[in-house]
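Below you'll find the structure, written out as structure tokens, and then a few comments.
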Amino acid sequence: MKGLRGLTGTWAILLLCGFTPWARGRMISDNFEDKLTALTKVVDYIHERPDQMNADATFSITIVEANIAATLMHKNAQQLENKYWETLTRILKLCDSTRRYLMETLVPQNKDIQLLHHTLNNPVLWLRPIFWQDGGVDRSSSTADITYRDIVGDLIMQGTPKEEESDRCLGEIVTNGLNSRYRMPDTCNQILTRRDLTRGYPLTHRLLIVQVAKTLRCEYGLPIRTSDLVASYCSSILQDLTDIEAAGFPYQTPDLMMEQVLLCGMEGFLEFTGGHFERLLLGWAHPSGCFSSFGNKSLESEPRKVRRASTSTDFGCDSHATGLAAATLSLFIRENVENAIK
């Protein structure tokens with residue numbers, strides 16, 4: 001088929017087995033084309049600047065690839081117009097080639113990051129069904145009176161794990177998986193069961209730890225059911241998201257918002273998807289297609305300290321936010337297609 005030409009063997013076989021191209025119709029949701037255009041531009045941006053990307057951006061492209069493949073294989077994709085099918089197929093091809101190039105050329109200095117880079121960037125690992133649900137997380141009826149100082153000093157990086165602890169834990173999970181020791185490492189259990197007040201990135205990293213463990217079947221040994229842990233984390237993450245939005249997304253919280261929406265959205269919680277967050281994300285895009293951790297606000301008077309896990313890119317953007325935006329847009333598109341008939 002013309003639309004599948006240029007795809008790797010795995011994707012071509014999966015799409016041929018799971019899709020009936022002559023049945024395509026005219027399904028479309030609100031601002032679907034806007035999201036598809038934004039995703040095309042950000043994937044093109046990453047593809048054209050591999051030297052400005054890092055390991056986190058590579059992982060984001062892997063998630064995009066998995067989400068777009070899942071979208072194309074879903075039965076509802078039969079209702080997409082030809083132009084949308086062709087655009088999604090082009091994105092899939094571009095992500096595949098970009099991911100492979102980044103895996104070959106990027107050499108992270110941190111040994112844990114190296115291990116994650118070469119193990120987790122397999123989109124088939126992340127090609128799993130999402131069971132969409134509304135009401136699966138607790139909503140708070142009120143928001144805290146958050147100030148800029150609260151955001152910068154406490155909310156963004158409060159609690160454990162810090163970035164180095166998270167990398168170490170994830171590295172141990174991958175090592176266990178590679179050695180067929182399908183259990184949660186003690187290091188990770190200590191992080192996940194620590195009873196400190198955790199907010200911001202440490203909280204999303206706890207969720208990521210659980211997700212990687214589930215993906216590699218290494219969650220055995222957790223003292224709490226995985227589903228309960230995920231629901232608890234996403235309830236707390238939703239409260240964080242509510243608070244930072246009430247504060248007007250100051251400092252680098254647009255980047256945090258995308259991480260929150262992506263990780264909890266991947267668990268199927270519809271509270272993190274929908275038109276409101278879609279419009280926010282689309283409003284933060286630079287005309288080139290890239291994204292900044294600080295959104296599109298003018299912050300010349302404020303210090304812009306990019307996280308360790310990110311690198312600066314053209315037009316004042318950065319690799320972490322740009323990759324997150326691509327992955328989040330792909331999740332929005334997947335959710336739109338998979339829930340179109342409901």
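The way I read the labels, and the way they are meant: chains A, B, ... in the order of the structure tokens, residue 1 as the first residue of every chain, and ligand 1 as the first ligand shown, with later ones counted on from there.
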Checklist entry - What lies within 7 Å of Tyr251 (chain A) using only C-alpha atoms, ignoring chain neighbours under 2 positions off, as a PyMOL selection string? => result chain A and resi 249+253+294
Item to check | Best match for closeness to Glu81 (chain A) among A:Glu33, A:Asp228, A:Glu278, A:Glu104, counting only C-alpha atoms | outcome: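 With only C-alpha atoms as the atom set, the closest residue is A:Glu33.
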Item to check | Proximity to Lys162 (chain A) - best of A:Thr198, A:Thr175, A:Gln133, A:Ser312, only C-alpha atoms | outcome: A:Thr198
Next on the checklist: Residues near Arg181 (chain A), anyone? I mean within 12 Å using only C-alpha atoms, not counting same-chain ones fewer than 4 positions away, as a list in words.
Outcome noted: Glu172, Ile173, Val174, Thr175, Asn176, Gly177, Pro185, Ala213, Leu216, Arg217, Cys218, Glu219, Tyr220 and Gly221 of chain A
Keeping only C-alpha atoms, write the selected residues to a file as a PDB file, in the first residue's frame.
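Ended up saving to selection-v6.pdb:
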ATOM      1  CA  GLU A 172      17.566  -0.988  38.670  1.00  0.00           C
ATOM      2  CA  ILE A 173      14.111  -1.824  37.311  1.00  0.00           C
ATOM      3  CA  VAL A 174      15.532  -2.191  33.797  1.00  0.00           C
ATOM      4  CA  THR A 175      18.411  -4.320  35.107  1.00  0.00           C
ATOM      5  CA  ASN A 176      15.954  -6.603  36.892  1.00  0.00           C
ATOM      6  CA  GLY A 177      13.850  -6.911  33.746  1.00  0.00           C
ATOM      7  CA  PRO A 185      13.946  -3.220  43.467  1.00  0.00           C
ATOM      8  CA  ALA A 213       7.892  -1.423  36.320  1.00  0.00           C
ATOM      9  CA  LEU A 216       8.797  -4.547  32.212  1.00  0.00           C
ATOM     10  CA  ARG A 217       6.646  -6.755  34.507  1.00  0.00           C
ATOM     11  CA  CYS A 218       8.782  -5.830  37.513  1.00  0.00           C
ATOM     12  CA  GLU A 219       6.083  -4.506  39.839  1.00  0.00           C
ATOM     13  CA  TYR A 220       5.983  -7.688  41.967  1.00  0.00           C
ATOM     14  CA  GLY A 221       6.922  -6.988  45.570  1.00  0.00           C
TER      15      GLY A 221
END
Next on the checklist: At a cut-off of 9 Å, using only C-alpha atoms, what residues contact Leu192 (chain A)? Leave out same-chain residues fewer than 4 positions from it and give the result as a ChimeraX atom specification.
Outcome noted: /A:160-161,187-188,206-207,209-210,222,229
Please save all heavy atoms of the selected residues as an mmCIF file, in the first residue's frame.
data_model
loop_
_atom_site.group_PDB
_atom_site.id
_atom_site.type_symbol
_atom_site.label_atom_id
_atom_site.label_comp_id
_atom_site.auth_asym_id
_atom_site.auth_seq_id
_atom_site.Cartn_x
_atom_site.Cartn_y
_atom_site.Cartn_z
ATOM 1 N N THR A 160 10.391 13.224 47.407
ATOM 2 C CA THR A 160 11.273 12.285 46.713
ATOM 3 C C THR A 160 10.474 11.530 45.648
ATOM 4 O O THR A 160 9.257 11.367 45.771
ATOM 5 C CB THR A 160 11.844 11.262 47.718
ATOM 6 O OG1 THR A 160 10.747 10.664 48.431
ATOM 7 C CG2 THR A 160 12.798 11.899 48.679
ATOM 8 N N PRO A 161 11.191 11.098 44.581
ATOM 9 C CA PRO A 161 12.646 11.123 44.392
ATOM 10 C C PRO A 161 13.111 12.385 43.664
ATOM 11 O O PRO A 161 12.340 12.989 42.913
ATOM 12 C CB PRO A 161 12.882 9.905 43.501
ATOM 13 C CG PRO A 161 11.650 9.888 42.628
ATOM 14 C CD PRO A 161 10.519 10.331 43.527
ATOM 15 N N THR A 187 15.338 -0.329 46.299
ATOM 16 C CA THR A 187 15.553 1.121 46.174
ATOM 17 C C THR A 187 14.261 1.825 45.767
ATOM 18 O O THR A 187 13.899 2.876 46.319
ATOM 19 C CB THR A 187 16.637 1.415 45.121
ATOM 20 O OG1 THR A 187 17.855 0.759 45.511
ATOM 21 C CG2 THR A 187 16.884 2.905 44.987
ATOM 22 N N CYS A 188 13.547 1.246 44.824
ATOM 23 C CA CYS A 188 12.299 1.851 44.331
ATOM 24 C C CYS A 188 11.183 1.720 45.358
ATOM 25 O O CYS A 188 10.390 2.650 45.540
ATOM 26 C CB CYS A 188 11.888 1.193 43.022
ATOM 27 S SG CYS A 188 13.128 1.311 41.720
ATOM 28 N N ARG A 206 7.368 9.349 40.558
ATOM 29 C CA ARG A 206 6.885 8.146 41.242
ATOM 30 C C ARG A 206 5.942 7.373 40.322
ATOM 31 O O ARG A 206 5.994 6.147 40.240
ATOM 32 C CB ARG A 206 6.174 8.512 42.549
ATOM 33 C CG ARG A 206 7.110 8.947 43.660
ATOM 34 C CD ARG A 206 6.394 8.941 45.007
ATOM 35 N NE ARG A 206 7.252 9.439 46.080
ATOM 36 C CZ ARG A 206 6.992 9.286 47.370
ATOM 37 N NH1 ARG A 206 5.888 8.653 47.750
ATOM 38 N NH2 ARG A 206 7.814 9.765 48.283
ATOM 39 N N LEU A 207 5.066 8.108 39.641
ATOM 40 C CA LEU A 207 4.150 7.452 38.713
ATOM 41 C C LEU A 207 4.913 6.808 37.565
ATOM 42 O O LEU A 207 4.609 5.675 37.163
ATOM 43 C CB LEU A 207 3.139 8.476 38.177
ATOM 44 C CG LEU A 207 2.147 7.970 37.126
ATOM 45 C CD1 LEU A 207 1.342 6.786 37.644
ATOM 46 C CD2 LEU A 207 1.226 9.103 36.678
ATOM 47 N N ILE A 209 7.915 5.634 37.608
ATOM 48 C CA ILE A 209 8.566 4.432 38.130
ATOM 49 C C ILE A 209 7.608 3.242 38.084
ATOM 50 O O ILE A 209 7.958 2.140 37.648
ATOM 51 C CB ILE A 209 9.070 4.679 39.570
ATOM 52 C CG1 ILE A 209 10.302 5.595 39.553
ATOM 53 C CG2 ILE A 209 9.401 3.361 40.282
ATOM 54 C CD1 ILE A 209 10.687 6.147 40.921
ATOM 55 N N VAL A 210 6.373 3.460 38.530
ATOM 56 C CA VAL A 210 5.366 2.392 38.507
ATOM 57 C C VAL A 210 5.060 1.977 37.070
ATOM 58 O O VAL A 210 4.934 0.782 36.767
ATOM 59 C CB VAL A 210 4.085 2.849 39.231
ATOM 60 C CG1 VAL A 210 2.982 1.801 39.094
ATOM 61 C CG2 VAL A 210 4.374 3.111 40.707
ATOM 62 N N LEU A 222 5.660 -4.910 45.368
ATOM 63 C CA LEU A 222 5.117 -3.666 45.908
ATOM 64 C C LEU A 222 4.141 -3.984 47.040
ATOM 65 O O LEU A 222 3.312 -4.893 46.904
ATOM 66 C CB LEU A 222 4.374 -2.895 44.820
ATOM 67 C CG LEU A 222 5.139 -1.825 44.051
ATOM 68 C CD1 LEU A 222 4.264 -1.294 42.917
ATOM 69 C CD2 LEU A 222 5.548 -0.692 44.953
ATOM 70 N N LEU A 229 -2.071 2.450 43.693
ATOM 71 C CA LEU A 229 -0.970 3.415 43.725
ATOM 72 C C LEU A 229 -1.119 4.433 42.601
ATOM 73 O O LEU A 229 -0.979 5.651 42.808
ATOM 74 C CB LEU A 229 0.361 2.672 43.596
ATOM 75 C CG LEU A 229 1.621 3.318 44.165
ATOM 76 C CD1 LEU A 229 1.439 3.696 45.622
ATOM 77 C CD2 LEU A 229 2.799 2.362 44.002
#
Could the residues of region 34-72 of chain A that have an atom at most 6 Å from region 107-127 of chain A be listed as a tab-separated table, each with its closest atom pair and the distance in Å to one decimal, counting only C-alpha atoms and ordered by chain and ascending residue number?
residue	atom	partner	partner_atom	distance
A:Phe59	CA	A:Asn121	CA	5.7
A:Thr62	CA	A:Pro123	CA	5.3
A:Ala66	CA	A:Pro123	CA	5.0
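For the pair CA of Leu329 (chain A) and CA of Gly295 (chain A), the interatomic distance is 15.1 Å.
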Checklist entry - Out of region 95-303 of chain A, which residues get alpha helix (DSSP H) from DSSP, as a PyMOL selection string? => result chain A and resi 95-105+111-120+148-150+163-178+186-192+201-215+226-246+253-265+275-283
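Candidate residues A:Ser319, A:Asp314, A:Asp186, A:Asp138 were compared for distance to Ser232 (chain A), and the nearest is A:Asp138, using only C-alpha atoms.
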